[in-house]
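Here is final.csv, consisting of CSV, C-alpha atoms:
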```
chain,number,residue,atom,x,y,z
A,27,MET,CA,-9.4,98.6,-59.5
A,28,LYS,CA,-9.3,96.3,-62.5
A,29,ARG,CA,-10.2,99.2,-64.7
A,30,ILE,CA,-7.4,101.3,-63.4
A,31,PHE,CA,-4.9,98.5,-63.8
A,32,SER,CA,-6.0,97.9,-67.4
A,33,LEU,CA,-5.6,101.6,-68.1
A,34,PHE,CA,-2.0,101.6,-66.7
A,35,LEU,CA,-1.2,98.5,-68.7
A,36,ALA,CA,-2.5,100.1,-71.9
A,37,VAL,CA,-0.3,103.1,-71.3
A,38,PHE,CA,2.7,101.0,-70.6
A,39,LEU,CA,2.1,99.0,-73.8
A,40,LEU,CA,1.6,102.2,-75.9
A,41,LEU,CA,4.8,103.7,-74.6
A,42,GLY,CA,6.7,100.5,-75.0
A,43,ILE,CA,7.4,100.4,-71.2
A,44,ILE,CA,6.9,97.0,-69.6
A,45,PRO,CA,7.9,96.7,-65.9
A,46,GLU,CA,10.5,94.0,-65.2
A,47,ALA,CA,8.1,92.1,-63.0
A,48,MET,CA,5.5,92.0,-65.9
A,49,ALA,CA,8.0,91.0,-68.6
A,50,ALA,CA,7.2,87.6,-69.9
A,51,ASP,CA,10.6,87.1,-71.7
A,52,GLU,CA,12.3,83.8,-71.0
A,53,PRO,CA,15.9,83.1,-71.7
A,54,ASN,CA,16.9,81.6,-75.0
A,55,PRO,CA,17.3,77.9,-74.9
A,56,ILE,CA,20.9,76.9,-73.8
A,57,PRO,CA,22.5,74.1,-75.8
A,58,VAL,CA,24.1,72.1,-73.0
A,59,ILE,CA,26.1,69.1,-73.9
A,60,ALA,CA,25.6,65.7,-72.3
A,61,LYS,CA,28.6,64.4,-70.4
A,62,GLU,CA,29.1,61.5,-72.8
A,63,ASP,CA,29.0,63.8,-75.8
A,64,ILE,CA,31.7,66.3,-74.6
A,65,THR,CA,34.8,66.5,-76.8
A,66,PRO,CA,37.7,64.6,-75.3
A,67,THR,CA,40.6,66.7,-74.1
A,68,PRO,CA,43.5,66.4,-76.7
A,69,SER,CA,46.7,64.6,-75.5
A,70,GLY,CA,49.1,67.0,-73.8
A,71,ILE,CA,46.5,69.5,-72.7
A,72,HIS,CA,45.7,69.8,-68.9
A,73,HIS,CA,42.9,71.8,-67.4
A,74,TYR,CA,42.9,73.2,-63.8
A,75,MET,CA,39.9,75.1,-62.6
A,76,LEU,CA,40.6,77.9,-60.0
A,77,ILE,CA,37.5,78.9,-58.0
A,78,CYS,CA,37.5,81.8,-55.6
A,79,VAL,CA,34.7,82.1,-53.1
A,80,ASP,CA,33.5,85.7,-52.5
A,81,SER,CA,34.6,85.7,-48.9
A,82,TRP,CA,37.7,86.5,-46.7
A,83,ALA,CA,37.0,83.3,-44.7
A,84,ALA,CA,35.0,80.8,-46.7
A,85,ASP,CA,33.1,78.1,-44.9
A,86,LEU,CA,31.6,75.4,-47.0
A,87,THR,CA,29.3,74.3,-44.2
A,88,LYS,CA,27.4,77.6,-44.4
A,89,ALA,CA,25.1,79.0,-47.0
A,90,GLY,CA,25.6,82.2,-48.9
A,91,ASN,CA,29.0,81.6,-50.5
A,92,HIS,CA,29.2,82.7,-54.1
A,93,THR,CA,31.9,81.6,-56.5
A,94,ASP,CA,32.7,84.9,-58.1
A,95,GLY,CA,36.2,84.1,-59.3
A,96,LEU,CA,36.3,81.5,-62.0
A,97,ILE,CA,39.5,81.0,-64.0
A,98,LEU,CA,40.5,78.0,-66.0
A,99,VAL,CA,44.3,77.4,-66.3
A,100,THR,CA,45.1,75.3,-69.4
A,101,VAL,CA,48.6,74.0,-70.0
A,102,ASP,CA,49.6,72.6,-73.4
A,103,GLU,CA,52.8,70.6,-72.7
A,104,TYR,CA,53.4,69.9,-76.4
A,105,ALA,CA,52.8,73.4,-77.8
A,106,HIS,CA,54.4,75.0,-74.7
A,107,ARG,CA,51.5,77.2,-73.9
A,108,VAL,CA,49.9,78.5,-70.7
A,109,MET,CA,46.4,79.9,-71.1
A,110,LEU,CA,43.9,81.6,-68.8
A,111,THR,CA,40.2,81.6,-69.4
A,112,SER,CA,38.0,83.7,-67.1
A,113,PHE,CA,34.2,83.3,-66.8
A,114,ILE,CA,32.1,86.2,-65.7
A,115,ARG,CA,30.1,85.7,-62.5
A,116,ASP,CA,26.7,86.8,-63.8
A,117,MET,CA,26.5,84.5,-66.8
A,118,LEU,CA,23.1,83.0,-67.2
A,119,ILE,CA,23.3,79.2,-67.4
A,120,GLN,CA,21.1,76.2,-67.2
A,121,ARG,CA,21.6,74.6,-63.7
A,122,PRO,CA,22.0,70.9,-63.3
A,123,ASP,CA,18.4,70.8,-62.1
A,124,GLY,CA,17.2,72.2,-65.5
A,125,LYS,CA,16.4,75.7,-64.1
A,126,TYR,CA,18.1,78.9,-65.2
A,127,GLY,CA,20.4,80.9,-62.9
A,128,ARG,CA,23.7,82.7,-62.5
A,129,ILE,CA,26.8,80.6,-62.7
A,130,ASN,CA,28.2,82.0,-59.4
A,131,ASN,CA,25.1,80.7,-57.5
A,132,ILE,CA,25.4,77.0,-58.4
A,133,MET,CA,27.6,75.9,-55.5
A,134,ASP,CA,25.2,77.3,-53.0
A,135,LEU,CA,21.9,76.5,-54.6
A,136,MET,CA,22.9,73.0,-55.6
A,137,SER,CA,24.3,71.9,-52.3
A,138,PRO,CA,21.2,71.5,-50.1
A,139,GLN,CA,23.3,69.8,-47.4
A,140,ILE,CA,24.9,73.2,-46.7
A,141,LYS,CA,21.7,74.1,-44.9
A,142,ASN,CA,22.3,71.2,-42.5
A,143,GLY,CA,25.9,72.4,-41.8
A,144,ILE,CA,27.6,69.7,-43.7
A,145,ASP,CA,29.5,71.0,-46.8
A,146,GLY,CA,29.2,72.5,-50.3
A,147,LYS,CA,31.5,70.0,-52.1
A,148,VAL,CA,28.6,68.6,-54.2
A,149,GLY,CA,27.8,72.0,-55.4
A,150,ILE,CA,31.4,72.7,-56.4
A,151,GLN,CA,31.5,69.6,-58.5
A,152,LEU,CA,28.2,70.5,-60.1
A,153,LEU,CA,29.7,74.0,-60.9
A,154,VAL,CA,32.6,72.4,-62.8
A,155,ASP,CA,30.2,70.0,-64.5
A,156,THR,CA,28.1,73.0,-65.6
A,157,ILE,CA,31.1,74.8,-67.1
A,158,ASN,CA,32.0,71.6,-68.9
A,159,SER,CA,28.5,71.1,-70.4
A,160,HIS,CA,28.2,74.7,-71.5
A,161,PHE,CA,31.6,75.1,-73.0
A,162,ASP,CA,32.3,71.5,-74.2
A,163,LEU,CA,35.2,70.9,-71.9
A,164,GLN,CA,36.5,68.0,-69.8
A,165,ILE,CA,37.7,69.8,-66.7
A,166,GLU,CA,38.4,67.4,-63.9
A,167,ASP,CA,40.9,69.1,-61.5
A,168,PHE,CA,39.9,72.1,-59.4
A,169,ILE,CA,41.0,74.1,-56.4
A,170,VAL,CA,38.8,76.4,-54.3
A,171,VAL,CA,40.2,79.3,-52.4
A,172,ASP,CA,39.0,82.5,-50.7
A,173,PHE,CA,40.3,86.1,-50.7
A,174,LYS,CA,42.5,85.6,-47.6
A,175,GLN,CA,44.1,82.5,-49.1
A,176,VAL,CA,44.8,84.3,-52.4
A,177,GLU,CA,46.4,87.1,-50.3
A,178,ASN,CA,48.6,84.5,-48.5
A,179,ILE,CA,49.7,82.8,-51.7
A,180,ILE,CA,50.6,86.1,-53.3
A,181,ASP,CA,52.7,87.1,-50.3
A,182,ALA,CA,54.4,83.7,-50.4
A,183,VAL,CA,55.6,84.4,-54.0
A,184,GLY,CA,56.9,87.8,-52.8
A,185,GLY,CA,54.1,90.0,-54.2
A,186,VAL,CA,53.3,90.9,-57.8
A,187,ASP,CA,54.0,93.8,-60.2
A,188,ILE,CA,50.9,95.5,-61.5
A,189,THR,CA,50.5,98.5,-63.8
A,190,VAL,CA,47.4,100.6,-62.8
A,191,THR,CA,45.7,103.6,-64.5
A,192,ASN,CA,45.2,106.9,-62.8
A,193,ARG,CA,41.6,106.1,-62.0
A,194,GLU,CA,42.5,102.7,-60.5
A,195,ALA,CA,45.2,104.3,-58.4
A,196,THR,CA,42.7,106.9,-57.1
A,197,TYR,CA,40.2,104.1,-56.3
A,198,LEU,CA,42.9,102.1,-54.4
A,199,LYS,CA,44.0,105.1,-52.4
A,200,ASN,CA,40.4,106.0,-51.5
A,201,TYR,CA,39.9,102.4,-50.4
A,202,SER,CA,42.6,103.2,-47.9
A,203,ILE,CA,45.0,100.4,-48.7
A,204,SER,CA,48.0,100.7,-46.5
A,205,SER,CA,50.7,103.0,-47.8
A,206,THR,CA,53.2,100.2,-47.2
A,207,SER,CA,51.2,97.7,-49.3
A,208,THR,CA,52.7,98.9,-52.5
A,209,THR,CA,56.2,99.8,-53.5
A,210,PRO,CA,56.5,102.7,-53.9
A,211,ALA,CA,53.4,104.0,-52.0
A,212,MET,CA,50.4,104.4,-54.3
A,213,ALA,CA,50.4,107.8,-55.9
A,214,SER,CA,49.1,107.9,-59.5
A,215,GLY,CA,49.0,105.6,-62.5
A,216,GLY,CA,52.1,103.5,-63.0
A,217,THR,CA,53.7,100.2,-62.1
A,218,TYR,CA,53.9,99.1,-58.5
A,219,HIS,CA,54.9,96.1,-56.5
A,220,PHE,CA,51.7,94.9,-54.7
A,221,SER,CA,51.5,92.9,-51.4
A,222,GLY,CA,48.9,90.1,-51.3
A,223,HIS,CA,46.2,92.2,-49.6
A,224,ALA,CA,46.6,95.1,-52.0
A,225,ALA,CA,46.6,92.7,-55.0
A,226,VAL,CA,43.3,91.2,-53.9
A,227,ILE,CA,41.7,94.7,-53.5
A,228,TYR,CA,43.0,95.5,-57.0
A,229,MET,CA,41.4,92.3,-58.3
A,230,ARG,CA,38.0,93.3,-56.7
A,231,ILE,CA,37.8,96.7,-58.4
A,232,ARG,CA,34.5,96.8,-60.4
A,233,LYS,CA,33.6,100.5,-60.7
A,234,ARG,CA,36.7,101.6,-62.6
A,235,GLU,CA,37.7,100.8,-66.2
A,236,THR,CA,40.8,98.8,-66.8
A,237,ALA,CA,43.7,99.8,-69.0
A,238,GLU,CA,43.2,99.1,-72.7
A,239,TYR,CA,44.3,95.6,-73.8
A,240,LEU,CA,44.1,93.4,-76.8
A,241,HIS,CA,40.7,91.5,-76.9
A,242,ALA,CA,39.8,88.3,-78.8
A,243,ASP,CA,38.4,90.4,-81.7
A,244,GLY,CA,41.8,91.9,-82.3
A,245,THR,CA,40.9,95.4,-81.0
A,246,PHE,CA,42.3,97.3,-78.0
A,247,HIS,CA,39.9,98.7,-75.5
A,248,SER,CA,39.2,98.7,-71.8
A,249,ASP,CA,36.7,96.7,-69.6
A,250,ASN,CA,34.6,97.6,-66.6
A,251,GLN,CA,32.2,96.0,-64.1
A,252,ASP,CA,32.6,92.2,-64.0
A,253,PHE,CA,34.5,92.2,-67.2
A,254,GLY,CA,37.1,94.4,-65.6
A,255,ARG,CA,37.3,92.1,-62.6
A,256,THR,CA,38.0,89.1,-64.8
A,257,TYR,CA,40.7,91.0,-66.6
A,258,ARG,CA,42.4,92.0,-63.3
A,259,ASP,CA,42.3,88.4,-62.1
A,260,ARG,CA,44.2,87.4,-65.2
A,261,VAL,CA,46.7,90.2,-64.8
A,262,VAL,CA,47.5,89.0,-61.2
A,263,LEU,CA,47.9,85.4,-62.2
A,264,SER,CA,50.0,86.4,-65.2
A,265,SER,CA,52.2,88.5,-62.9
A,266,ILE,CA,52.6,85.5,-60.5
A,267,ALA,CA,53.7,83.3,-63.4
A,268,GLU,CA,56.2,85.9,-64.5
A,269,SER,CA,57.6,86.2,-60.9
A,270,LEU,CA,58.2,82.4,-60.8
A,271,LYS,CA,60.0,82.1,-64.1
A,272,ASP,CA,63.3,81.4,-62.4
A,273,ILE,CA,62.0,79.4,-59.4
A,274,SER,CA,63.9,76.3,-58.3
A,275,TYR,CA,62.2,73.0,-57.9
A,276,GLU,CA,62.9,73.1,-54.1
A,277,ASP,CA,61.2,76.5,-53.8
A,278,ALA,CA,58.3,75.3,-56.1
A,279,LEU,CA,57.7,72.5,-53.6
A,280,LYS,CA,57.7,75.0,-50.7
A,281,LEU,CA,55.2,77.1,-52.6
A,282,LEU,CA,53.0,74.0,-53.2
A,283,ASP,CA,53.0,73.5,-49.4
A,284,VAL,CA,51.7,77.1,-49.0
A,285,ILE,CA,49.0,76.5,-51.7
A,286,ILE,CA,47.9,73.3,-50.0
A,287,ALA,CA,47.7,75.1,-46.6
A,288,ASN,CA,45.6,77.9,-48.2
A,289,THR,CA,43.0,75.9,-50.0
A,290,VAL,CA,39.3,75.7,-49.0
A,291,TYR,CA,38.9,72.5,-51.0
A,292,THR,CA,40.5,70.5,-53.9
A,293,ASN,CA,39.8,67.2,-55.5
A,294,MET,CA,43.4,66.9,-56.5
A,295,THR,CA,45.6,64.3,-54.8
A,296,THR,CA,49.1,65.0,-53.7
A,297,ASN,CA,50.4,63.2,-56.8
A,298,ASP,CA,48.1,65.3,-59.0
A,299,LEU,CA,49.5,68.5,-57.5
A,300,LEU,CA,53.1,67.2,-57.9
A,301,ASP,CA,52.4,66.5,-61.5
A,302,ALA,CA,51.1,70.0,-61.9
A,303,VAL,CA,54.3,71.4,-60.4
A,304,ASP,CA,56.4,69.3,-62.8
A,305,LEU,CA,54.4,70.8,-65.7
A,306,ALA,CA,54.8,74.3,-64.4
A,307,MET,CA,58.6,73.8,-64.0
A,308,ASP,CA,58.8,72.7,-67.7
A,309,LEU,CA,56.9,75.8,-68.8
A,310,ARG,CA,58.6,78.4,-66.7
A,311,GLY,CA,58.9,81.7,-68.5
A,312,VAL,CA,56.3,80.9,-71.1
A,313,PRO,CA,54.2,84.0,-71.8
A,314,VAL,CA,50.7,83.6,-70.4
A,315,GLU,CA,47.9,84.0,-72.9
A,316,HIS,CA,44.3,84.8,-71.9
A,317,ILE,CA,40.7,85.1,-73.0
A,318,ARG,CA,37.4,86.0,-71.4
A,319,MET,CA,34.1,84.2,-71.6
A,320,PRO,CA,32.0,85.7,-73.1
A,321,ILE,CA,33.9,87.4,-75.9
A,322,ASP,CA,32.8,90.8,-77.1
A,323,GLY,CA,29.6,90.9,-79.2
A,324,THR,CA,28.2,87.6,-78.0
A,325,TYR,CA,26.1,88.6,-75.0
A,326,GLU,CA,23.2,90.9,-73.8
A,327,GLU,CA,22.0,92.2,-70.5
A,328,PHE,CA,19.1,90.0,-69.4
A,329,PRO,CA,17.3,90.7,-66.1
A,330,TYR,CA,16.0,87.3,-64.9
A,331,ALA,CA,14.2,86.3,-61.7
A,332,GLY,CA,15.2,89.5,-60.0
A,333,MET,CA,18.9,89.0,-60.9
A,334,ALA,CA,21.1,91.0,-63.2
A,335,THR,CA,22.5,88.4,-65.7
A,336,LYS,CA,24.0,88.3,-69.1
A,337,GLN,CA,22.6,85.9,-71.7
A,338,ILE,CA,25.4,84.7,-74.0
A,339,ASP,CA,25.7,83.0,-77.3
A,340,PHE,CA,27.2,79.7,-76.1
A,341,MET,CA,27.8,78.3,-79.6
A,342,ALA,CA,29.9,81.4,-80.6
A,343,ASN,CA,31.8,81.3,-77.3
A,344,ARG,CA,32.5,77.6,-77.5
A,345,GLU,CA,34.0,78.1,-81.0
A,346,ALA,CA,36.1,81.0,-79.8
A,347,LEU,CA,37.3,79.2,-76.7
A,348,HIS,CA,38.3,76.0,-78.6
A,349,SER,CA,40.0,78.0,-81.3
A,350,PHE,CA,42.0,79.8,-78.6
A,351,LEU,CA,42.9,76.7,-76.6
A,352,LEU,CA,43.7,74.4,-79.6
A,353,ASP,CA,45.2,76.9,-82.1
A,354,SER,CA,48.7,75.7,-81.4
A,355,PHE,CA,49.9,74.4,-84.7
A,356,VAL,CA,50.9,76.6,-87.7
A,357,VAL,CA,52.0,75.2,-91.0
A,358,VAL,CA,54.7,77.5,-92.6
A,359,ASP,CA,55.4,77.2,-96.3
A,360,GLU,CA,59.0,78.2,-96.8
A,361,GLU,CA,60.9,78.4,-100.0
A,362,TRP,CA,64.5,77.2,-100.0
```

Please express the file's structure as structure tokens.
Amino acid sequence: MKRIFSLFLAVFLLLGIIPEAMAADEPNPIPVIAKEDITPTPSGIHHYMLICVDSWAADLTKAGNHTDGLILVTVDEYAHRVMLTSFIRDMLIQRPDGKYGRINNIMDLMSPQIKNGIDGKVGIQLLVDTINSHFDLQIEDFIVVDFKQVENIIDAVGGVDITVTNREATYLKNYSISSTSTTPAMASGGTYHFSGHAAVIYMRIRKRETAEYLHADGTFHSDNQDFGRTYRDRVVLSSIAESLKDISYEDALKLLDVIIANTVYTNMTTNDLLDAVDLAMDLRGVPVEHIRMPIDGTYEEFPYAGMATKQIDFMANREALHSFLLDSFVVVDEEW
């Protein structure tokens, strides 16, 4: 038996074929940053981490919840900018316990009390801490929602306008979204007004390419798989922001009540949320900018521990992210 195994191994080596289970590759070292060494957030910049649990009815007392939706909302009150940064769910990171894993598994794996039916709040904080240590950020405020709550919030703002490709339209129709969930009824590629449920289904599309859009490298091209999902998430949030550009303060407070009622968990106090509303009111109508982590050309597919993951160049992505978030001041040399 040993002789047969050795023969097969020799053949695999000669052909350059190594089964995944036999591969000895370990991930590249990840340069995480200690909490005390993280760059302070510049004055006037506010970070809010939006976390969506992969469930229509999330329960933090139960195991198995994955945080597949990760979007950082950054507001620069001095430069008058609103920025969205999305993080792919299969990013390979170094967990707080020093082991490697996917970023969307942290909440579940790092909250052992979930197994005792308590909660996953410890894991959520550790997820935010991990994003901070990998991307040199000081995110403090976060809100956790599930799919149903996203649906309810979108319905509360009156729905969203989304432009879809022909392939996306075909996918949505085959998924059997209600004919009344878009206006007009979904037919082919074009711009439609989506209800909350249809918008969530759109955000979850993974097996169809997105429309082409401008990437961080200055080129126009489409995304698919998890990259496509992160783009669609940003599209929906941008559409929500556009729909609220004329909202009154009274209606903004009513919407805040809806958000509070449709939140799995947040560490933000009522005063924190009211401060966020005040910022949003000051920046109504500001075009929403966005970026995706990782940027193109800084990652590779890396099967690890039976999981499909992407190993990324964190140094390059930190540089790209900080350039995006902080590139607010331009000196213009004018001749009079």

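Restricting the calculation to all atoms listed in the file, the smallest distance between Val58 in chain A and any of A:Ile119, A:Leu240, A:Ala346, A:Val99 is found for A:Ile119.
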
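Compared by their closest atoms to Ile165 in chain A, and using all atoms listed in the file, the residues A:Gly332, A:Pro53, A:Pro66, A:Gly127 rank with A:Pro66 nearest.
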
Long-range neighbours of Met229 in chain A as a PDB file with C-alpha atoms, keeping the file's coordinate frame, 7 Å cut-off, all atoms listed in the file, 4 positions minimum in chain:
```
ATOM      1  CA  ALA A 225      46.600  92.700 -55.000  1.00  0.00           C
ATOM      2  CA  ARG A 255      37.300  92.100 -62.600  1.00  0.00           C
ATOM      3  CA  ARG A 258      42.400  92.000 -63.300  1.00  0.00           C
ATOM      4  CA  ASP A 259      42.300  88.400 -62.100  1.00  0.00           C
TER       5      ASP A 259
END
```

Write out, as a Markdown table, each residue of range 137-173 of chain A that has an atom at most 12 Å from range 291-300 of chain A, together with the closest pair of atoms and their distance in Å to one decimal, counting all atoms listed in the file, rows going by chain and rising number.
```
| residue | atom | partner | partner_atom | distance |
| --- | --- | --- | --- | --- |
| A:Asp145 | CA | A:Tyr291 | CA | 10.4 |
| A:Gly146 | CA | A:Tyr291 | CA | 9.7 |
| A:Lys147 | CA | A:Tyr291 | CA | 7.9 |
| A:Val148 | CA | A:Asn293 | CA | 11.4 |
| A:Gly149 | CA | A:Tyr291 | CA | 12.0 |
| A:Ile150 | CA | A:Tyr291 | CA | 9.2 |
| A:Gln151 | CA | A:Asn293 | CA | 9.1 |
| A:Val154 | CA | A:Asn293 | CA | 11.5 |
| A:Ile165 | CA | A:Asn293 | CA | 11.7 |
| A:Glu166 | CA | A:Asn293 | CA | 8.5 |
| A:Asp167 | CA | A:Met294 | CA | 6.0 |
| A:Phe168 | CA | A:Thr292 | CA | 5.8 |
| A:Ile169 | CA | A:Thr292 | CA | 4.4 |
| A:Val170 | CA | A:Tyr291 | CA | 5.1 |
| A:Val171 | CA | A:Tyr291 | CA | 7.1 |
| A:Asp172 | CA | A:Tyr291 | CA | 10.0 |
```

Need to verify the contact set: range 243-253 of chain A, 10 Å, all atoms listed in the file, exclusion of same-chain residues closer than 6 positions in sequence. Can you return it as a CSV table (one decimal) with C-alpha atoms, in the frame of the given file?
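Done, and the output landed in part_30.csv:
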```
chain,number,residue,atom,x,y,z
A,94,ASP,CA,32.7,84.9,-58.1
A,112,SER,CA,38.0,83.7,-67.1
A,113,PHE,CA,34.2,83.3,-66.8
A,114,ILE,CA,32.1,86.2,-65.7
A,115,ARG,CA,30.1,85.7,-62.5
A,116,ASP,CA,26.7,86.8,-63.8
A,230,ARG,CA,38.0,93.3,-56.7
A,231,ILE,CA,37.8,96.7,-58.4
A,232,ARG,CA,34.5,96.8,-60.4
A,233,LYS,CA,33.6,100.5,-60.7
A,234,ARG,CA,36.7,101.6,-62.6
A,235,GLU,CA,37.7,100.8,-66.2
A,236,THR,CA,40.8,98.8,-66.8
A,237,ALA,CA,43.7,99.8,-69.0
A,318,ARG,CA,37.4,86.0,-71.4
A,319,MET,CA,34.1,84.2,-71.6
A,320,PRO,CA,32.0,85.7,-73.1
A,321,ILE,CA,33.9,87.4,-75.9
A,322,ASP,CA,32.8,90.8,-77.1
A,323,GLY,CA,29.6,90.9,-79.2
A,346,ALA,CA,36.1,81.0,-79.8
```

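Straight-line separation from CA of Asp63 in chain A to CA of Thr156 in chain A: 13.8 Å.
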
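Between CA of Val190 in chain A and CA of Met212 in chain A the separation is 9.8 Å.
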
query = Quick one, how far is CA of Asp123 in chain A from CA of Met75 in chain A?
reply = 21.9 Å

request  = Select, from A:Val261, A:Leu76, A:Ile188, A:Ala242, the residue with the minimum atom-to-atom distance to Glu345 in chain A, counting all atoms listed in the file.
outcome  = A:Ala242

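Nearest to Gln139 in chain A of all the residues A:Lys174, A:Lys88, A:Ile317, A:His348 is A:Lys88, based on all atoms listed in the file.
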
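Residues in contact with Glu268 in chain A at 10 Å, where only C-alpha atoms are counted and same-chain residues fewer than 2 positions away are skipped, are listed as Val186, Asp187, Val262, Leu263, Ser264, Ser265, Ile266, Leu270, Lys271, Asp272, Arg310, Gly311, Val312, Pro313 and Val314 of chain A.
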
Spatial neighbours of Trp82 in chain A, max dist 12 Å, all atoms listed in the file, sep filter under 5 positions, as a list in words = Asn91, His92, Val171, Asp172, Phe173, Lys174, Gln175, Val176, Glu177, Asn178, His223, Val226, Ile227, Asn288 and Val290 of chain A

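Nearest residue to Thr111 in chain A, choosing from A:Ile157, A:Ile64, A:Ala302, A:Leu86 and counting all atoms listed in the file: A:Ile157.
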
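With only C-alpha atoms as the atoms that count, the residue of A:Ala105, A:Met333, A:Met117, A:Ala84 with the shortest distance to Asp353 in chain A is A:Ala105.
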
message = If we count all atoms listed in the file and set the cut-off at 8 Å, which residues sit around range 281-284 of chain A, ignoring sequence neighbours fewer than 4 positions away in its own chain? Please answer as a ChimeraX atom specification.
response = /A:179,182-183,277,288,299,303

Since the input has fewer atoms than a full residue there, write range 160-173 of chain A out with N, CA, C and O atoms, as a PDB file, in the frame of the given file.
```pdb
ATOM      1  N   HIS A 160      28.484  73.502 -70.724  1.00  0.00           N
ATOM      2  CA  HIS A 160      28.200  74.700 -71.500  1.00  0.00           C
ATOM      3  C   HIS A 160      29.281  75.103 -72.451  1.00  0.00           C
ATOM      4  O   HIS A 160      29.011  75.774 -73.452  1.00  0.00           O
ATOM      5  N   PHE A 161      30.521  74.677 -72.164  1.00  0.00           N
ATOM      6  CA  PHE A 161      31.600  75.100 -73.000  1.00  0.00           C
ATOM      7  C   PHE A 161      32.353  73.920 -73.677  1.00  0.00           C
ATOM      8  O   PHE A 161      33.409  74.110 -74.271  1.00  0.00           O
ATOM      9  N   ASP A 162      31.775  72.721 -73.579  1.00  0.00           N
ATOM     10  CA  ASP A 162      32.300  71.500 -74.200  1.00  0.00           C
ATOM     11  C   ASP A 162      33.762  71.284 -73.785  1.00  0.00           C
ATOM     12  O   ASP A 162      34.688  71.175 -74.588  1.00  0.00           O
ATOM     13  N   LEU A 163      33.923  71.190 -72.461  1.00  0.00           N
ATOM     14  CA  LEU A 163      35.200  70.900 -71.900  1.00  0.00           C
ATOM     15  C   LEU A 163      35.185  69.711 -70.979  1.00  0.00           C
ATOM     16  O   LEU A 163      34.110  69.301 -70.530  1.00  0.00           O
ATOM     17  N   GLN A 164      36.354  69.164 -70.712  1.00  0.00           N
ATOM     18  CA  GLN A 164      36.500  68.000 -69.800  1.00  0.00           C
ATOM     19  C   GLN A 164      37.412  68.445 -68.641  1.00  0.00           C
ATOM     20  O   GLN A 164      38.507  67.907 -68.484  1.00  0.00           O
ATOM     21  N   ILE A 165      36.972  69.417 -67.831  1.00  0.00           N
ATOM     22  CA  ILE A 165      37.700  69.800 -66.700  1.00  0.00           C
ATOM     23  C   ILE A 165      37.502  68.820 -65.561  1.00  0.00           C
ATOM     24  O   ILE A 165      36.355  68.511 -65.234  1.00  0.00           O
ATOM     25  N   GLU A 166      38.571  68.317 -64.986  1.00  0.00           N
ATOM     26  CA  GLU A 166      38.400  67.400 -63.900  1.00  0.00           C
ATOM     27  C   GLU A 166      39.039  67.922 -62.592  1.00  0.00           C
ATOM     28  O   GLU A 166      38.464  67.749 -61.518  1.00  0.00           O
ATOM     29  N   ASP A 167      40.178  68.586 -62.674  1.00  0.00           N
ATOM     30  CA  ASP A 167      40.900  69.100 -61.500  1.00  0.00           C
ATOM     31  C   ASP A 167      40.457  70.480 -61.113  1.00  0.00           C
ATOM     32  O   ASP A 167      40.360  71.356 -61.981  1.00  0.00           O
ATOM     33  N   PHE A 168      40.221  70.710 -59.831  1.00  0.00           N
ATOM     34  CA  PHE A 168      39.900  72.100 -59.400  1.00  0.00           C
ATOM     35  C   PHE A 168      40.396  72.356 -57.996  1.00  0.00           C
ATOM     36  O   PHE A 168      40.636  71.437 -57.197  1.00  0.00           O
ATOM     37  N   ILE A 169      40.595  73.637 -57.741  1.00  0.00           N
ATOM     38  CA  ILE A 169      41.000  74.100 -56.400  1.00  0.00           C
ATOM     39  C   ILE A 169      40.157  75.294 -56.044  1.00  0.00           C
ATOM     40  O   ILE A 169      39.911  76.190 -56.854  1.00  0.00           O
ATOM     41  N   VAL A 170      39.671  75.293 -54.801  1.00  0.00           N
ATOM     42  CA  VAL A 170      38.800  76.400 -54.300  1.00  0.00           C
ATOM     43  C   VAL A 170      39.549  77.130 -53.217  1.00  0.00           C
ATOM     44  O   VAL A 170      40.116  76.538 -52.290  1.00  0.00           O
ATOM     45  N   VAL A 171      39.564  78.459 -53.355  1.00  0.00           N
ATOM     46  CA  VAL A 171      40.200  79.300 -52.400  1.00  0.00           C
ATOM     47  C   VAL A 171      39.304  80.482 -52.020  1.00  0.00           C
ATOM     48  O   VAL A 171      38.270  80.687 -52.646  1.00  0.00           O
ATOM     49  N   ASP A 172      39.687  81.243 -50.971  1.00  0.00           N
ATOM     50  CA  ASP A 172      39.000  82.500 -50.700  1.00  0.00           C
ATOM     51  C   ASP A 172      39.948  83.643 -50.748  1.00  0.00           C
ATOM     52  O   ASP A 172      41.124  83.470 -51.076  1.00  0.00           O
ATOM     53  N   PHE A 173      39.463  84.863 -50.482  1.00  0.00           N
ATOM     54  CA  PHE A 173      40.300  86.100 -50.700  1.00  0.00           C
ATOM     55  C   PHE A 173      41.541  86.026 -49.774  1.00  0.00           C
ATOM     56  O   PHE A 173      42.639  86.374 -50.219  1.00  0.00           O
TER      57      PHE A 173
END
```
